[in-house]
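What's in coords_22.cif: mmCIF, C-alpha atoms
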data_input
#
loop_
_atom_site.label_atom_id
_atom_site.label_comp_id
_atom_site.auth_asym_id
_atom_site.auth_seq_id
_atom_site.Cartn_x
_atom_site.Cartn_y
_atom_site.Cartn_z
CA MET A 1136 40.31 145.63 36.84
CA VAL A 1137 37.46 148.12 36.48
CA GLY A 1138 38.36 151.33 38.34
CA TYR A 1139 41.74 152.49 39.55
CA ARG A 1140 41.62 154.92 42.46
CA LEU A 1141 42.06 154.06 46.19
CA MET A 1142 40.89 150.45 46.10
CA GLY A 1143 42.41 150.01 42.65
CA ARG A 1144 45.79 150.83 44.11
CA ALA A 1145 45.29 148.42 47.01
CA HIS A 1146 44.19 145.58 44.73
CA SER A 1147 46.96 146.22 42.17
CA HIS A 1148 49.59 146.16 44.88
CA ALA A 1149 48.20 142.87 46.20
CA TYR A 1150 48.28 141.19 42.78
CA ARG A 1151 51.86 142.31 42.20
CA ASP A 1152 53.14 141.24 45.63
CA PHE A 1153 51.16 138.00 46.04
CA PRO A 1154 53.67 135.76 44.17
CA PHE A 1155 56.52 137.18 46.26
CA TYR A 1156 55.03 135.81 49.50
CA PHE A 1157 52.81 132.86 48.52
CA ASP A 1158 53.46 129.77 46.42
CA SER A 1159 50.62 129.12 44.00
CA ASP A 1160 49.88 127.38 40.73
CA THR A 1161 47.80 130.41 39.76
CA ILE A 1162 49.69 133.68 39.33
CA PRO A 1163 47.83 136.92 38.54
CA VAL A 1164 48.87 138.77 35.39
CA LEU A 1165 47.91 142.47 35.35
CA GLN A 1166 46.55 142.43 31.82
CA ALA A 1167 44.24 145.45 31.60
CA VAL A 1168 42.59 148.17 33.69
CA ALA A 1169 39.52 150.17 32.66
CA GLY A 1170 38.38 153.69 33.53
CA ARG A 1171 36.26 156.38 31.89
CA ASP A 1172 38.97 159.08 32.01
CA GLU A 1173 41.47 158.16 29.28
CA GLU A 1174 44.28 160.29 30.70
CA GLY A 1175 43.66 159.06 34.25
CA VAL A 1176 43.41 155.36 33.43
CA LYS A 1177 46.51 155.48 31.21
CA ALA A 1178 48.52 157.10 34.03
CA ALA A 1179 47.18 154.55 36.51
CA ALA A 1180 48.09 151.64 34.22
CA ASP A 1181 51.63 152.95 33.84
CA LYS A 1182 52.09 153.56 37.57
CA MET A 1183 50.48 150.35 38.87
CA GLY A 1184 51.96 147.97 36.33
CA TRP A 1185 49.00 147.08 34.11
CA ALA A 1186 49.94 145.91 30.61
CA SER A 1187 47.12 147.82 28.88
CA TRP A 1188 44.10 150.00 29.53
CA GLU A 1189 40.56 150.51 28.26
CA THR A 1190 38.03 153.34 28.59
CA ASP A 1191 35.03 150.98 28.47
CA TRP A 1192 34.79 148.08 30.92
CA ARG A 1193 32.84 146.08 28.34
CA ARG A 1194 36.04 145.66 26.37
CA LEU A 1195 37.51 143.74 29.32
CA ILE A 1196 34.56 141.35 29.22
CA GLU A 1197 35.10 140.77 25.49
CA ARG A 1198 38.84 140.12 25.71
CA GLU A 1199 39.89 136.47 25.55
CA ASP A 1200 43.15 137.19 27.41
CA ILE A 1201 41.29 138.05 30.64
CA ASP A 1202 39.96 135.42 33.08
CA LEU A 1203 39.16 137.52 36.18
CA ILE A 1204 37.24 140.78 36.47
CA ASP A 1205 38.04 142.85 39.58
CA ILE A 1206 35.47 145.59 40.34
CA VAL A 1207 36.57 148.62 42.38
CA THR A 1208 34.03 151.11 41.02
CA PRO A 1209 31.15 152.98 42.76
CA ASN A 1210 28.45 150.68 44.09
CA ASN A 1211 25.78 151.47 41.48
CA THR A 1212 27.93 149.84 38.78
CA HIS A 1213 28.65 146.54 40.55
CA ALA A 1214 25.62 144.55 39.43
CA GLU A 1215 25.83 145.28 35.71
CA ILE A 1216 29.55 144.49 35.55
CA VAL A 1217 29.29 141.35 37.69
CA ILE A 1218 26.41 139.88 35.71
CA ALA A 1219 28.06 140.61 32.37
CA ALA A 1220 31.36 139.14 33.57
CA ALA A 1221 29.70 135.98 34.89
CA GLU A 1222 27.72 135.46 31.67
CA ALA A 1223 31.04 135.69 29.79
CA GLY A 1224 32.54 133.02 32.04
CA LYS A 1225 34.89 135.36 33.93
CA HIS A 1226 35.73 134.91 37.60
CA VAL A 1227 34.67 137.92 39.71
CA PHE A 1228 36.21 139.80 42.63
CA CYS A 1229 34.04 142.71 43.83
CA GLU A 1230 34.47 145.47 46.36
CA LYS A 1231 31.93 145.82 49.14
CA PRO A 1232 29.07 146.39 49.69
CA LEU A 1233 28.13 143.93 46.98
CA ALA A 1234 25.17 145.90 45.60
CA LEU A 1235 22.73 148.79 46.00
CA SER A 1236 20.04 146.50 47.40
CA LEU A 1237 19.38 142.99 48.63
CA ASP A 1238 17.40 142.09 45.50
CA GLN A 1239 20.26 143.25 43.32
CA ALA A 1240 22.77 141.26 45.39
CA LYS A 1241 20.64 138.12 44.99
CA GLN A 1242 20.61 138.61 41.20
CA MET A 1243 24.42 138.85 41.24
CA LEU A 1244 24.71 135.68 43.32
CA GLU A 1245 22.36 133.85 40.96
CA ALA A 1246 24.46 134.97 37.97
CA VAL A 1247 27.80 133.73 39.33
CA LYS A 1248 26.31 130.45 40.54
CA LYS A 1249 24.64 129.80 37.20
CA ALA A 1250 27.92 130.53 35.39
CA GLY A 1251 29.96 128.36 37.76
CA VAL A 1252 32.68 130.98 38.16
CA THR A 1253 34.76 131.77 41.24
CA HIS A 1254 33.42 134.77 43.15
CA MET A 1255 34.56 136.76 46.21
CA VAL A 1256 33.70 140.00 47.99
CA CYS A 1257 36.63 142.08 49.22
CA HIS A 1258 36.10 142.19 52.97
CA ASN A 1259 39.84 142.44 53.53
CA TYR A 1260 39.73 142.99 57.31
CA ARG A 1261 38.88 139.33 57.80
CA PHE A 1262 42.41 138.66 56.61
CA SER A 1263 44.41 140.44 59.26
CA PRO A 1264 46.39 137.67 61.02
CA ALA A 1265 45.02 138.93 64.35
CA VAL A 1266 41.39 138.62 63.19
CA GLN A 1267 42.09 135.17 61.77
CA PHE A 1268 43.68 134.17 65.08
CA ALA A 1269 40.62 135.48 66.92
CA LYS A 1270 38.49 133.22 64.72
CA LYS A 1271 40.76 130.26 65.58
CA LEU A 1272 40.46 130.87 69.32
CA ILE A 1273 36.67 131.13 69.10
CA GLU A 1274 36.38 127.95 67.01
CA GLU A 1275 38.60 126.11 69.50
CA GLY A 1276 36.15 127.03 72.27
CA ARG A 1277 38.65 129.18 74.18
CA LEU A 1278 35.94 131.78 74.83
CA GLY A 1279 33.13 129.28 75.35
CA LYS A 1280 29.63 130.48 74.59
CA ILE A 1281 29.67 133.96 73.05
CA TYR A 1282 27.54 136.54 74.86
CA HIS A 1283 28.45 139.91 73.34
CA ILE A 1284 30.10 141.66 70.43
CA ARG A 1285 30.43 145.44 70.32
CA ALA A 1286 31.92 146.84 67.16
CA THR A 1287 32.61 150.28 65.73
CA PHE A 1288 33.97 151.77 62.55
CA LEU A 1289 34.55 155.46 63.20
CA GLN A 1290 36.09 158.11 60.94
CA ASP A 1291 36.18 161.90 60.80
CA TRP A 1292 37.07 162.81 57.20
CA LEU A 1293 33.62 164.22 56.33
CA MET A 1294 33.21 166.66 59.22
CA ASP A 1295 34.02 169.77 57.18
CA PRO A 1296 30.60 171.09 56.03
CA ASP A 1297 32.26 172.31 52.83
CA PHE A 1298 33.56 168.90 51.87
CA PRO A 1299 31.97 168.27 48.44
CA LEU A 1300 28.97 166.11 47.61
CA ILE A 1301 30.92 163.10 46.34
CA TRP A 1302 29.32 159.86 45.11
CA ARG A 1303 29.55 158.28 48.56
CA LEU A 1304 26.99 160.86 49.77
CA ARG A 1305 24.41 160.13 47.08
CA LYS A 1306 22.14 157.16 47.77
CA GLU A 1307 21.44 156.45 44.11
CA VAL A 1308 25.17 155.83 43.57
CA SER A 1309 26.35 154.42 46.90
CA GLY A 1310 23.22 152.66 48.14
CA GLY A 1311 23.87 153.99 51.65
CA GLY A 1312 26.18 156.11 53.76
CA THR A 1313 28.31 155.10 56.70
CA LEU A 1314 26.11 152.05 57.23
CA GLY A 1315 27.01 150.58 53.82
CA ASP A 1316 30.53 151.98 53.63
CA LEU A 1317 31.80 151.30 57.16
CA GLY A 1318 29.02 149.30 58.78
CA ALA A 1319 29.32 146.64 56.08
CA HIS A 1320 32.83 145.83 57.35
CA ILE A 1321 31.88 145.34 60.99
CA ILE A 1322 28.76 143.39 60.00
CA ASP A 1323 30.96 141.02 58.00
CA LEU A 1324 33.44 140.69 60.88
CA ALA A 1325 30.57 139.93 63.27
CA ARG A 1326 29.17 137.24 60.98
CA PHE A 1327 32.66 135.77 60.53
CA LEU A 1328 33.47 135.68 64.25
CA VAL A 1329 30.14 135.34 66.07
CA GLY A 1330 27.50 134.00 63.68
CA GLU A 1331 24.39 134.95 61.76
CA PHE A 1332 22.17 137.89 62.70
CA SER A 1333 18.62 137.22 63.81
CA GLU A 1334 17.11 140.71 64.17
CA VAL A 1335 18.20 144.34 64.41
CA VAL A 1336 16.95 147.75 65.47
CA GLY A 1337 18.73 150.95 64.54
CA MET A 1338 18.90 154.70 64.27
CA MET A 1339 20.73 156.97 61.85
CA GLU A 1340 21.36 160.66 61.31
CA THR A 1341 22.56 163.02 58.57
CA PHE A 1342 24.29 165.95 60.27
CA ILE A 1343 25.19 168.02 57.20
CA LYS A 1344 22.12 168.12 54.94
CA LYS A 1345 23.63 169.93 51.94
CA ARG A 1346 27.13 170.17 50.50
CA PRO A 1347 28.84 171.91 47.56
CA LEU A 1348 28.79 169.93 44.34
CA GLY A 1349 32.06 168.15 43.59
CA SER A 1350 33.82 164.86 43.03
CA MET A 1351 36.17 162.36 44.67
CA THR A 1352 39.89 162.52 43.94
CA ASP A 1353 41.97 159.98 45.87
CA ASN A 1354 42.70 158.85 49.44
CA LEU A 1355 39.25 160.07 50.59
CA LYS A 1356 39.85 163.57 49.24
CA GLY A 1357 37.33 165.70 47.38
CA ARG A 1358 37.28 168.56 44.87
CA ILE A 1359 34.63 171.31 44.88
CA GLU A 1360 33.37 171.97 41.35
CA SER A 1361 30.44 174.35 41.85
CA ASP A 1362 29.07 177.11 44.07
CA GLN A 1363 25.77 175.24 44.17
CA ARG A 1364 24.92 172.82 46.92
CA GLY A 1365 23.17 169.48 46.65
CA GLU A 1366 21.30 167.34 49.13
CA VAL A 1367 23.08 164.59 51.06
CA THR A 1368 20.83 161.54 50.76
CA VAL A 1369 22.65 159.06 53.02
CA ASP A 1370 23.46 158.76 56.71
CA ASP A 1371 26.48 160.39 58.36
CA ALA A 1372 26.20 158.06 61.36
CA THR A 1373 24.31 154.88 62.23
CA ALA A 1374 24.01 152.83 65.41
CA PHE A 1375 22.11 149.59 65.86
CA LEU A 1376 21.50 146.70 68.24
CA ALA A 1377 21.37 143.07 67.19
CA HIS A 1378 20.33 139.64 68.34
CA PHE A 1379 22.28 136.73 66.85
CA GLU A 1380 20.84 133.32 66.06
CA ASN A 1381 23.11 131.75 68.70
CA GLY A 1382 21.76 134.05 71.43
CA ALA A 1383 24.59 136.60 71.45
CA LEU A 1384 23.90 140.33 71.66
CA GLY A 1385 25.57 142.95 69.49
CA THR A 1386 26.01 146.73 69.47
CA PHE A 1387 27.29 148.44 66.33
CA GLU A 1388 28.20 152.01 65.44
CA SER A 1389 29.51 153.54 62.22
CA SER A 1390 30.22 157.24 61.79
CA ARG A 1391 32.21 159.66 59.68
CA PHE A 1392 31.70 162.37 62.33
CA SER A 1393 33.86 160.95 65.14
CA ARG A 1394 36.56 163.57 65.59
CA GLY A 1395 40.01 162.06 66.12
CA ASN A 1396 39.13 158.67 64.61
CA ARG A 1397 40.88 158.12 61.31
CA ALA A 1398 39.96 154.44 60.89
CA GLY A 1399 38.50 153.24 64.18
CA ASN A 1400 37.53 149.73 63.11
CA ARG A 1401 37.34 147.95 66.48
CA PHE A 1402 35.57 145.07 68.19
CA GLU A 1403 35.35 143.40 71.57
CA ILE A 1404 33.89 139.92 71.95
CA ASN A 1405 32.90 138.51 75.37
CA GLY A 1406 32.32 134.83 76.07
CA GLU A 1407 31.79 132.68 79.15
CA LYS A 1408 35.50 131.82 79.34
CA GLY A 1409 37.20 134.93 78.01
CA SER A 1410 37.23 138.00 75.80
CA LEU A 1411 38.98 139.38 72.72
CA ARG A 1412 39.71 142.91 71.56
CA TRP A 1413 41.02 144.16 68.21
CA ASP A 1414 41.68 147.61 66.75
CA MET A 1415 42.50 148.02 63.06
CA GLU A 1416 44.68 151.05 63.81
CA ASN A 1417 46.90 148.60 65.70
CA LEU A 1418 46.07 145.64 63.51
CA ASN A 1419 48.92 143.29 64.43
CA ASN A 1420 47.81 143.04 68.06
CA LEU A 1421 45.01 140.92 69.50
CA GLN A 1422 44.11 141.43 73.15
CA VAL A 1423 43.10 138.21 74.88
CA TYR A 1424 41.56 137.63 78.33
CA LEU A 1425 41.15 134.06 79.61
CA ALA A 1426 39.18 133.44 82.80
CA ASP A 1427 41.11 130.30 83.68
CA ASP A 1428 44.32 132.26 84.33
CA GLU A 1429 45.19 132.09 88.01
CA PRO A 1430 43.95 134.88 90.29
CA GLY A 1431 46.37 137.77 90.46
CA LEU A 1432 47.54 137.22 86.90
CA GLN A 1433 44.21 137.67 85.18
CA GLY A 1434 43.99 140.48 82.68
CA PHE A 1435 44.11 141.26 78.98
CA ARG A 1436 47.36 140.11 77.37
CA THR A 1437 48.53 141.57 74.05
CA ILE A 1438 49.43 139.01 71.40
CA ASN A 1439 51.53 140.38 68.56
CA CYS A 1440 50.18 138.19 65.73
CA THR A 1441 53.33 138.03 63.63
CA GLU A 1442 54.47 134.53 64.66
CA GLU A 1443 54.50 131.57 62.28
CA GLU A 1444 51.66 130.12 64.37
CA HIS A 1445 49.38 133.02 63.37
CA PRO A 1446 47.40 132.69 60.11
CA TYR A 1447 49.20 134.15 57.07
CA ALA A 1448 51.92 135.78 59.20
CA GLY A 1449 54.44 133.04 58.51
CA SER A 1450 54.47 133.95 54.81
CA TYR A 1451 56.04 137.32 55.52
CA TRP A 1452 58.80 138.39 57.92
CA PRO A 1453 60.37 137.16 61.19
CA SER A 1454 58.31 137.49 64.38
CA GLY A 1455 57.66 141.05 65.48
CA HIS A 1456 58.30 142.52 62.04
CA ILE A 1457 55.07 144.42 61.62
CA LEU A 1458 52.54 143.91 58.84
CA GLY A 1459 50.25 146.60 57.44
CA TYR A 1460 46.92 147.38 55.83
CA GLU A 1461 48.16 146.30 52.41
CA HIS A 1462 48.91 142.77 53.63
CA THR A 1463 45.21 142.13 54.31
CA PHE A 1464 44.65 142.52 50.55
CA ILE A 1465 47.55 140.21 49.69
CA ASN A 1466 46.08 137.60 52.03
CA ILE A 1467 42.60 137.76 50.49
CA VAL A 1468 44.13 137.59 47.00
CA SER A 1469 45.93 134.42 48.07
CA GLU A 1470 42.53 132.87 48.84
CA LEU A 1471 41.11 134.13 45.55
CA MET A 1472 43.96 132.56 43.59
CA ASN A 1473 43.47 129.25 45.45
CA GLY A 1474 39.77 129.35 44.61
CA ILE A 1475 40.41 129.95 40.92
CA SER A 1476 43.06 127.22 40.85
CA GLN A 1477 40.89 124.65 42.63
CA GLY A 1478 37.49 125.62 41.28
CA TYR A 1479 35.63 126.95 44.32
CA SER A 1480 34.61 130.31 45.81
CA PRO A 1481 36.43 131.09 49.09
CA GLN A 1482 34.69 133.08 51.79
CA PRO A 1483 33.70 135.83 51.87
CA ASN A 1484 31.93 135.14 48.59
CA PHE A 1485 28.70 136.44 47.09
CA GLU A 1486 26.61 134.38 49.52
CA ASP A 1487 28.30 136.35 52.31
CA GLY A 1488 27.69 139.51 50.31
CA VAL A 1489 23.97 138.75 50.16
CA LYS A 1490 23.79 137.98 53.89
CA ASN A 1491 25.64 141.20 54.72
CA GLN A 1492 23.27 143.11 52.42
CA ALA A 1493 20.31 141.59 54.27
CA VAL A 1494 21.58 143.05 57.55
CA LEU A 1495 22.10 146.47 55.93
CA GLU A 1496 18.56 146.41 54.54
CA ALA A 1497 17.10 145.27 57.87
CA VAL A 1498 18.81 148.13 59.72
CA GLU A 1499 17.48 150.68 57.23
CA GLU A 1500 13.98 149.20 57.50
CA SER A 1501 14.12 149.30 61.29
CA VAL A 1502 15.05 153.00 61.20
CA GLN A 1503 12.07 153.71 58.95
CA THR A 1504 9.62 151.64 60.99
CA ARG A 1505 11.15 152.41 64.39
CA SER A 1506 10.95 148.72 65.28
CA TRP A 1507 12.92 145.46 65.36
CA VAL A 1508 13.31 143.83 61.94
CA GLY A 1509 14.15 140.18 61.30
CA VAL A 1510 17.17 139.31 59.16
CA SER A 1511 16.87 135.55 58.73
CA GLU A 1512 13.76 135.60 56.54
CA LYS A 1513 15.41 138.07 54.14
CA VAL A 1514 17.98 135.48 53.05
CA HIS A 1515 15.92 132.29 53.21
CA VAL A 1516 15.97 131.96 49.41
CA LEU A 1517 19.70 131.13 49.59
CA SER A 1518 18.93 127.64 50.84
#
Rewrite the coordinates I just gave you, this time as structure tokens.
Amino acid sequence: MVGYRLMGRAHSHAYRDFPFYFDSDTIPVLQAVAGRDEEGVKAAADKMGWASWETDWRRLIEREDIDLIDIVTPNNTHAEIVIAAAEAGKHVFCEKPLALSLDQAKQMLEAVKKAGVTHMVCHNYRFSPAVQFAKKLIEEGRLGKIYHIRATFLQDWLMDPDFPLIWRLRKEVSGGGTLGDLGAHIIDLARFLVGEFSEVVGMMETFIKKRPLGSMTDNLKGRIESDQRGEVTVDDATAFLAHFENGALGTFESSRFSRGNRAGNRFEINGEKGSLRWDMENLNNLQVYLADDEPGLQGFRTINCTEEEHPYAGSYWPSGHILGYEHTFINIVSELMNGISQGYSPQPNFEDGVKNQAVLEAVEESVQTRSWVGVSEKVHVLS
């Protein structure tokens, strides 16, 4: 694994717990973790159960005892590590967004396809049992034709104007602000549940233009390291409208300036026969409305998706025994291990990463041009 902070902890926990819940011919061995800070990476290796550590990720690529490279580093490093790993014949698991740009994402996809290695992007929210059950209901036609999706990912951890200028606020490192960080998740959920985007039009704003220089610590915390201030070069909030190829309409909003929202990842989907609602802060529950219920009993029902009938839930505890954020990572790791074992790339893979990146780029272009921008033509090369 390259990197070891917040996502490194989530991924490490998933690898360690996966064999406890899922039967598989492929069992992850936590062989080595890499990080630039020798003291920090050594402490992380000891705490998270990695057998060894390196201060240069290239050493992981060279080691013959490593088959999979997991990338949880800032976005500007993804492409170089992915391409090097693929050329060395390593399987690749990469945090989102896949790259800094659509062109870069396409290069990464080309590299893993040419090498024939297993590849996935870590859009873990797909793997909440409630979201997977929503997908099942949609595929079964329970909602009929889909008309709308409205989705948000709202946070408030950056509202302090003295919060430092961390890497997530610098476009050359992150590739984008809330759109790439939070919007990427709801874009992926929309593609998973509703279908492919056709065109988008958006707006974005940066509320705090300059911040004190500093760095990220852990759990979305920051440390001020200078009296000087630097320019914020990404968005603090983005909203956009979308048309889907199947005729559905979408409204999307991502913000780190939504006071009172810690992790407001939410969607509502409306179809001709019913509707669905989901909120990541209450991730076990899926709200379902079906129009064919008899009059007087119609209304949203709350399904606690911890039954054996719900995807992945049966691998854990008895019904009603609540699952958490960390289980979404265990579930996606289970798919990754299956892919490595059977020689394929489960979704979401790098093709999904490229398609998500195309939507991100189209939204940014629409903001600049103040017009609708097509998405489909941006990914036509994938065919």
**Asked** Can you tell me, as number ranges by chain, what residues are no more than 8 Å from Met1294 in chain A when counting all atoms listed in the file, ignoring any on the same chain fewer than 3 positions away?
**Response** A: 1291, 1298, 1391-1392, 1394
**Nearby residues, (35.9, 141.0, 56.2) file frame, 6 Å, all atoms listed in the file, as an MDAnalysis selection string** = chainID A and resid 1258:1261 1320 1323:1324
**Message:** Can you tell me which residues surround Arg1303 in chain A at a distance of at most 10 Å, considering only C-alpha atoms, apart from same-chain residues fewer than 3 positions away, and format the answer as a list of chain:residue names?
**Reply:**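 Everything that qualifies: A:Pro1209, A:Asn1210, A:Leu1300, A:Lys1306, A:Glu1307, A:Val1308, A:Ser1309, A:Gly1310, A:Gly1311, A:Gly1312, A:Thr1313, A:Gly1315, A:Asp1316, A:Ser1350, A:Met1351, A:Val1367, A:Thr1368, A:Val1369.
Here CA of Thr1287 in chain A and CA of Cys1257 in chain A stand 18.9 Å from one another.
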**Asked** Any chance you could work out the residue set of the PyMOL selection byres ((chain A and resi 1489) around 10) here, as a ChimeraX atom specification?
**Response** /A:1232-1234,1236-1244,1484-1488,1490-1495,1513-1514,1517
**Request:** Please write the residues picked by the PyMOL selection byres ((chain A and resi 1378) around 6) on this file as a ChimeraX atom specification.
**Result:** /A:1333-1334,1377,1379,1384
**Request:** Choose the residue, out of A:Ala1145, A:Ile1438, A:Ile1281, A:Met1339, that has the smallest atom-to-atom separation from Ala1265 in chain A; count all atoms listed in the file.
**Result:** A:Ile1438
**Request:** Give me, please, the distance in Å between CA of Pro1453 in chain A and CA of Gln1422 in chain A, quoted to one decimal.
**Result:** 20.6 Å
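You will find CA of Phe1375 in chain A at 26.0 Å from CA of Cys1229 in chain A.
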**Message:** Give me, as JSON, numbers by chain, all polymer residues having an atom no more than 8 Å from Val1247 in chain A, counting all atoms listed in the file and skipping those fewer than 4 positions away in the same chain.
**Reply:** {"A": [1217, 1218, 1221, 1222, 1243, 1251, 1252, 1253, 1254]}
Which residues come within 10 Å of Lys1177 in chain A, counting only C-alpha atoms, excluding same-chain residues fewer than 6 positions away, as a CSV table (one decimal) with C-alpha atoms, in the frame of the given file?
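Final file, part38.csv:
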chain,number,residue,atom,x,y,z
A,1168,VAL,CA,42.6,148.2,33.7
A,1169,ALA,CA,39.5,150.2,32.7
A,1170,GLY,CA,38.4,153.7,33.5
A,1185,TRP,CA,49.0,147.1,34.1
A,1187,SER,CA,47.1,147.8,28.9
A,1188,TRP,CA,44.1,150.0,29.5
A,1189,GLU,CA,40.6,150.5,28.3
A,1190,THR,CA,38.0,153.3,28.6
**Request:** Counting only C-alpha atoms, write as an NGL selection string all protein and nucleic acid residues lying at most 10 Å from (37.5, 142.9, 72.9) in the file's frame.
**Result:** :A and (1283-1286 or 1401-1405 or 1409-1414 or 1421-1424 or 1435)
**Asked** Leaving out Ile1465 in chain A and any residue of its chain fewer than 6 positions from it, which residues lie within 12 Å of it when counting all atoms listed in the file, given as a list in words?
**Response**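 Once the adjacent positions are removed, what remains is Ala1145, His1146, Ser1147, His1148, Ala1149, Tyr1150, Arg1151, Asp1152, Phe1153, Pro1154, Phe1155, Tyr1156, Phe1157, Pro1163, Cys1257, Asn1259, Tyr1260, Arg1261, Phe1262, Ser1263, Pro1264, Tyr1447, Ala1448, Ser1450, Tyr1451, Leu1458, Gly1459, Leu1471 and Met1472 of chain A.
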Selection from above, C-alpha atoms, as a short mmCIF file (atom, residue, chain, number, x, y, z; two decimals), in the coordinates of the input, can you write it?
data_model
loop_
_atom_site.label_atom_id
_atom_site.label_comp_id
_atom_site.auth_asym_id
_atom_site.auth_seq_id
_atom_site.Cartn_x
_atom_site.Cartn_y
_atom_site.Cartn_z
CA ALA A 1145 45.29 148.42 47.01
CA HIS A 1146 44.19 145.58 44.73
CA SER A 1147 46.96 146.22 42.17
CA HIS A 1148 49.59 146.16 44.88
CA ALA A 1149 48.20 142.87 46.20
CA TYR A 1150 48.28 141.19 42.78
CA ARG A 1151 51.86 142.31 42.20
CA ASP A 1152 53.14 141.24 45.63
CA PHE A 1153 51.16 138.00 46.04
CA PRO A 1154 53.67 135.76 44.17
CA PHE A 1155 56.52 137.18 46.26
CA TYR A 1156 55.03 135.81 49.50
CA PHE A 1157 52.81 132.86 48.52
CA PRO A 1163 47.83 136.92 38.54
CA CYS A 1257 36.63 142.08 49.22
CA ASN A 1259 39.84 142.44 53.53
CA TYR A 1260 39.73 142.99 57.31
CA ARG A 1261 38.88 139.33 57.80
CA PHE A 1262 42.41 138.66 56.61
CA SER A 1263 44.41 140.44 59.26
CA PRO A 1264 46.39 137.67 61.02
CA TYR A 1447 49.20 134.15 57.07
CA ALA A 1448 51.92 135.78 59.20
CA SER A 1450 54.47 133.95 54.81
CA TYR A 1451 56.04 137.32 55.52
CA LEU A 1458 52.54 143.91 58.84
CA GLY A 1459 50.25 146.60 57.44
CA LEU A 1471 41.11 134.13 45.55
CA MET A 1472 43.96 132.56 43.59
#
**Request:** List the residues selected by the PyMOL selection byres ((chain A and resi 1360) around 8) in the file shown, writing them as a PyMOL selection string.
**Result:** chain A and resi 1347-1350+1358-1359+1361-1362
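The residue that comes closest to Gln1477 in chain A, out of A:Lys1356, A:Ala1319, A:Val1266, A:Asp1160 and on the basis of only C-alpha atoms, is A:Asp1160.
Among the candidates A:Gly1449, A:Asn1473, A:Glu1199, A:Ala1246, the one nearest to Ala1219 in chain A when counting all atoms listed in the file is A:Ala1246.
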